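Colleague: Below is the structure I would like to discuss, written out as structure tokens.
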Amino acid sequence: MKKETTKSAKAIRTRNNVLIHILLAVLAFIWVFPVLWVIMTSFRAEKGSYVSTFFPKAFTLDNYIKLFTDTTILNFPKMFMNTLVIAIFSCLLSTFFVLSAAYCLSRMRFKMRKPYMNMAMILGLFPGFMSMVAVYFILKAVGLTEGSLIRLALILCYSGGAALGFQIAKGFFDTTPYAIDEAAMIDGCTRWQVFTKITLPLSKPIIIYTILTSFISPWVDFIFAKVICRANADQYTVAIGLWKMLEKEYIDNWYTCFAAGAVLISIPIAILFLKLQKYYVNGMTGAVKG
Amino acid sequence: MSEVVIKNMKKIYDGGVTAVHDVNLEIKDKEFIVLVGPSGCGKSTTLRMVAGLEEISGGELYIDGKLCNDVEPKDRDIAMVFQSYALYPHMTVYDNMAFALKLKKVPKDEIDKKVREAAEILGITQYLERKPKALSGGQRQRVAIGRAMVRDPKVFLMDEPLSNLDAKLRNQMRAEIIKLRQRINTTFMYVTHDQTEAMTLGDRIVIMKDGFVNQIGTPEEVFDKPVNLFVAGFIGMPVMNFFDGCKLLKEGDTYYAQIRNAKFKLDDFQQRALKQNGQQPCDIVAGIRPQHISVGEGELEATIEVNEMLGSEVNLHARSDKDEVVMVIPTVDLKTDVSMGAKVKFTTQPKLIQLFDKATGNNLIWYDKASAEANAPVCAKY
Amino acid sequence: MKQLSREAELAARRVDVGHVTCMEALRSGGPETKASAFVMGLGNILHKQVGKGLIFLAAEVAYIAFMVLSGFHNLAMLPSLGSVEQQEVWNEELQVFLYTKGDQSILILLYGVATILVTLMMFWIWRGTLKSAYVAELLDKRGSHINTLADDLRGLLNENLYRLLMTPPMFFILVLTILPLVFMICMAFTNYSKIGDHLVLFDWVGLDNFMTLFDGSSVLGGTFWSVLGWTLVWAFFATFTNYFFGMILAILINRKGTRAKGFWRFCFVISCAVPMFVSLLIMRTMLQPEGAVNVLLRNLGLIASDASLPFFTNATWARVTVIVINIWVGVPYTLLQLTGVLQNIPGDLYEAADVDGATKVQQFFKITLPYMFYVTTPYLIATFTGNVNNFNVIYLLSGGDPVTNLASTAGETDLLVTWLYKLTIDKQYYNIGAVVGILTFVILAIGSLLTYRNSKSYKEEGGF
């Protein structure tokens, strides 16, 4: 009697497992499919954005080559360099701002602390680029909207408001026991020394997270970049370039190159994102400790 | 000379909450003082004010004669062992212990010498290259102590260092701390909620409740001469038996204590003390420690409800009318039947009865009214 | 217990900038402190803080110079926003028409707002210097140690570290976030717009723009209400479809019987590792009438060989498509977030439920769901907010299409934010755009406040 019931319970479980795995496989395919399609398209020999058949008839590497050699209309290598420079500097600046603000808000008590946190929350409710046009005018008034200073303008845009995104970093600092700070102060540290010698070494996960997220954002933002660059094609970032490739006048020649370009920038970002995944998951439940 | 003088120290938080009221304490050089009391009594806050981790809202703190109210923790020449040890997780044991000296720019070989010396004393030399997460609780605690020792501080502060250890380890470490105290001869200020630790470790004990200091005295003093109900009930295991609704009687010039149906003539010392105070007859709460009860004869009666045989002594939980009475009787003295359900007679010696004024809770004999009004440290009167 | 006398209490009180008030300084300060209200830094100089006092004085001089040179002019122009038009003037020497520089209202507005902000900051600094003078006076009277400039600088690395570390970020936030925002809000009360050719010179119009938008009968007003409606519907569906699918997927992957958990998660995550705008653009091309999906469906014979599904050309199809694609985009993120929370639910809750005889479905509704809701309420509110403002998905995917009403400025899938973008960038109706932005903020602010206050997690503060 007992044997039969355990056997059928097991059978039910196996059946459930099989069904669920099939379901997962189907869903996984749906999710991965567009990615596969882009990769296929980047190797497609036929031009244009219309396809009569699903799979490419011929494969080629021309699209990739074209990206780097055909710089007359859309200078991909230059855009890449622009974006790289902007990403590095805005990442440095952002990380400094975010960590400073998060540390002060987590560890120190001062009169403007609560008002600051409330202000950050309220500012976050405004549509992100409502102020975009205004920022453009301000930058123009200061003279940052022409020529190579555009890159500086973009760096400032991406990192300027960084200190408003202190929440995750602050959450992490909050989980480090305050007793360690106190022990360090008794041992003779000034608060700055506590920050540099004790807190930062213990915060590797959150530092990496902040650096990586602020590095990624200039690559994927195109609204701000478009507004500030306007027609200065030599200052374009990669995001604008890819967008332009899909515009009516370019799409026939550049559609497959768009796919190639998309693959090229997706690879490093994907790698970075996979590294970040760990911290992303823990972000809500309390941070990973080193 | 590392004496610590605390005058009228208080701590008031924003919002008006007073955590510590008026602490007055003079810690002599090389004395081991224990602050003890239930959670929330203000003992940790007081310690942290001495360390400089909390602002002092009122009063003065003198360390070695120097006014230290606004002095930074690092300049007070104190060292602290935290309840959670607070070791730096990213540094080895060696670096943890050397950290403070490195900040002071002490030469490398001197640092090495001091660290290894301390490690030797504490028996942690083999762990010097490990990181804290590779150590057990007891080992971490030693490292925390070592980190404090290396600094040769004037005052050693310890905030409930044994609370995070299991019972067996706690006993072991307690003995270690006593041995340690003999090797590093300096002033100690120790906070705990465990009265056993307080009694075994302290030269003098400061008992606190709700932010007020209730009594300061040696372990013997607080045991034998509790100044109020709280101290009497806090110190001593098992807890003192309290009999409510008793009376202090005066017949002619002689005082008697009426406990239920028994009338005790108080002994000479008590008579003198009460007379000196001009004590009038009043309602009292009488306190008798379980260890001070003898069974077999007497005017008081009780029925045994629980009988715990502990080997050398037996714990009896009895009921006498509405009172619950705990008695601790050495087995050798046992002549009557103390099995469950048995009815026994019990009594005590008058000099061992503690008399507490029912209205104020103060001990009629030991509570020093005059010095309390003068805001002096609260000690037993005689 | 003896009470400390009032003087003793006062004497024991901490004297530093954080514990004195401005009013106190003005009322109880000595003459030199009161004079510091007019000559910043005077009190400090007189009480042995020469370096600091001189710095304060320099700040005052700089501010006055600024106001005299341009500040007052900027403020004076604000009410009118300029009126001088650019004019052609015949220049005899050069024999050409030269353009005189006319007023540009937008710059006048900008300078005016900037001047106001600078003045407010100056006021805040003035208060600080007044308190500082008072503190110096008190400390001097007491005979306590008075900080030299070197002491103060050292303090910046220690107890005042927050001043050092928060100032640079705060400066940038003020210039690049707050100033533009205030600027845009002001625009909402002007007629800065292509309508009526008010792009160079414009004026204040008070609440007229708001009235227009609220008036359902006007073109803009009608558009506003319908866009608002769709925005709320979209935000609701986008948030909750992603939440539930993400949670179910997380549960499916996380359960005991599933093998290769890492592999499954990797598959889903790879789709969000690709930058969002890339995948959205790809999706858009794939769903065009001649795009990959339609071609595939034709090849599979599911639709006629010349037909195509109207993904973006039919209003309802477009709305559904957008929500469905958003699921593709968003589920990997919620999957990651929720997995973490899911893994933190104590396992013994489920074991106890098993012993008590609950089915898996019952366990889901009675254990998993309540716990998840409790922990993720702030996350849900933030996601809802984010979705109301979710520019990328709509703009890149459908571009707001289809546009059924040619007179209107918005398409059928436009959100308030994408409409804002079109109004501002494409149509140059800056003032209306600003109004839309403000209204979006108001809606969100009210919504967040209400939901957060009423949510269980706020009320119970951790009592799961």
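So you can find residues: chains in the structure tokens are A, B, ... in the order shown, residues in each start at 1, and ligands are numbered from 1 in order.
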Which residues of chain B sit at most 10 Å from chain C, using only C-alpha atoms? Give each one's shortest atom pair and distance in Å (one decimal place), in chain and ascending residue order, as a tab-separated table.
Modeller:
```
residue	atom	partner	partner_atom	distance
B:Asn8	CA	C:Leu4	CA	9.4
B:His21	CA	C:Met1	CA	9.9
B:Asp22	CA	C:Met1	CA	8.7
B:Glu55	CA	C:Arg14	CA	9.5
B:Ile56	CA	C:Arg14	CA	9.3
B:Ser57	CA	C:Arg13	CA	7.3
B:Gly58	CA	C:Ala12	CA	6.0
B:Gly59	CA	C:Ala12	CA	7.4
B:Glu60	CA	C:Ala12	CA	9.1
B:Asp70	CA	C:Arg14	CA	9.5
B:Ala372	CA	C:Met1	CA	7.3
B:Glu373	CA	C:Met1	CA	5.7
B:Ala374	CA	C:Lys2	CA	7.4
B:Asn375	CA	C:Met1	CA	6.2
B:Ala376	CA	C:Met1	CA	9.8
```
Colleague: Would you mind listing, as a list of chain:residue names, all residues of chain C that have at least one atom within 6 Å of chain A, where only C-alpha atoms are what counts?
Modeller: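 Selected residues: C:Leu157, C:Asn158, C:Tyr162, C:Leu165, C:Met166, C:Pro169, C:Phe172, C:Ile173, C:Pro180, C:Leu181, C:Cys267, C:Ala273, C:Val274, C:Glu290, C:Leu336, C:Gln337, C:Gly340, C:Asn389, C:Phe441.
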Colleague: Give me, as CSV, the closest atom pair and its distance (Å, one decimal) for every residue of chain A within a cut-off of 9 Å of chain B, counting only C-alpha atoms, rows sorted by chain and rising number.
Modeller:
```
residue,atom,partner,partner_atom,distance
A:Pro177,CA,B:Ala86,CA,7.8
A:Tyr178,CA,B:Ala86,CA,8.5
A:Ala179,CA,B:Ala86,CA,5.6
A:Ile180,CA,B:Ala86,CA,4.8
A:Asp181,CA,B:Ala86,CA,8.4
A:Glu182,CA,B:Leu53,CA,7.1
A:Ala183,CA,B:Ala86,CA,6.6
A:Ala184,CA,B:Ala100,CA,7.9
A:Met185,CA,B:Lys74,CA,6.3
A:Ile186,CA,B:Lys74,CA,4.8
A:Asp187,CA,B:Ala100,CA,4.6
A:Gly188,CA,B:Lys74,CA,4.5
A:Cys189,CA,B:Leu103,CA,7.2
A:Thr190,CA,B:Lys74,CA,8.9
A:Ile198,CA,B:Tyr88,CA,7.4
A:Pro201,CA,B:His90,CA,7.2
A:Leu202,CA,B:His90,CA,6.6
A:Gly290,CA,B:His90,CA,8.3
```
Colleague: How far is it from atom CA of Arg142 of chain C to atom CA of Asp16 of chain C, in Å with one decimal?
Modeller: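 Computing the Euclidean distance for atom CA of Arg142 of chain C and atom CA of Asp16 of chain C yields 12.9 Å.
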Colleague: Find the residues near segment 120-127 of chain C: any atom within 9 Å, counting only C-alpha atoms, skip ones fewer than 4 places away on the same chain, and give them as a list in words.
Modeller: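 Contacts, with the query itself left out: Thr21, Cys22, Ala37, Met40, Phe56, Ala59, Glu60, Tyr63, Thr115, Ile116, Lys131 and Ser132 of chain C.
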Colleague: Record the distance separating atom CA of Thr218 of chain B and atom CA of Asp203 of chain B, expressed in Å with one decimal.
Modeller: 5.9 Å
Colleague: Just the residues within 12 Å of Ser226 of chain C, please, counting only C-alpha atoms, with nothing from its chain fewer than 4 positions along; format it as a list in words.
Modeller: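 Near neighbours after the sequence-gap exclusion: Leu213, Phe214, Gly216, Ser217, Val219, Leu220, Gly221, Gly222, Trp230, Thr231, Leu232, Val233, Asn405, Ser408, Thr409, Ala410, Gly411, Glu412, Thr413, Asp414, Leu415, Leu416 and Trp419 of chain C.
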